[in-house]
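Asks: Sharing a structure here in structure tokens format.
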Amino acid sequence: MISSSFSAILGLSLLILVDASEEEHEKEPHYAILYPWFVQALGVITFYCITRYFGVFPYTALMFLLGTLMGIFYDRFNGSDQLTTSIGMWENINSEVLLIVFLPGLIFYDAYTLNVHLFKLSVWQDLTMAFPMVLAGTVLVALVAFYIFPYGWSF
């Protein structure tokens, strides 16, 4: 099952990279979905390869490197395929939309790999120390911003 899903993801990512025609593509709205799918497929393939073959490389650093390389290739070799068009559509995206698209996958990964035993041991420490301290930090930042910045804010 893993090998068939892996080959399906690899086939999908290769299909996205194939240029359907030599003419320049218009910016169709449905091209915007290609980039998140490609990045998530690339992340799955990268995670699979790291966990199986290259355990010494940190996943986050390798994904950052791959994203940097994608950005360099997009900037230098601005092609006319669907993936390049999709990357161009995501270039000036609103930050809230970016969080809405990518944050669920990141939260799921962290929740999936959570050690339940350690969570049960530390839940009371989190509730008694971390939660009130985050609230205290938020209040302190608000007070500093209220009294230092000249915007005339009110509570």
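Chain labels run A, B, ... following the order of the structure tokens; each chain numbers its residues from 1, and ligands are numbered from 1 in the order shown.
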Please identify all polymer residues within 12 Å of Glu91 of chain A, counting only C-alpha atoms, omitting same-chain residues fewer than 6 positions from it, and present them as a ChimeraX atom specification.
Replies: /A:32,35,70-71,74-75,84-85,98
Asks: Could you write out, as a PyMOL selection string, all the residues of chain A that DSSP marks as helix (DSSP H, G or I)?
Replies: chain A and resi 2-17+29-52+59-76+82-90+95-112+116-148
Asks: Record the distance separating atom CA of Phe102 of chain A and atom CA of Pro36 of chain A, expressed in Å with one decimal.
Replies: 8.0 Å
Asks: When you look at Phe47 of chain A with a cut-off of 12 Å (counting only C-alpha atoms), what residues show up, excluding the ones that are within fewer than 2 positions of it in the same chain? I need them as a list in words.
Replies: Phe6, Val39, Gln40, Ala41, Leu42, Gly43, Val44, Ile45, Cys49, Ile50, Thr51, Arg52, Tyr53, Phe54, Gly55, Phe57, Pro58, Tyr59, Thr60, Ala61, Leu62, Met63 and Tyr109 of chain A
Asks: Using only C-alpha atoms, can you tell me which of A:Tyr151, A:Tyr31, A:Phe131, A:Phe146 comes closest to Gly88 of chain A?
Replies: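 Ranked by minimum distance to Gly88 of chain A, first place goes to A:Tyr31.
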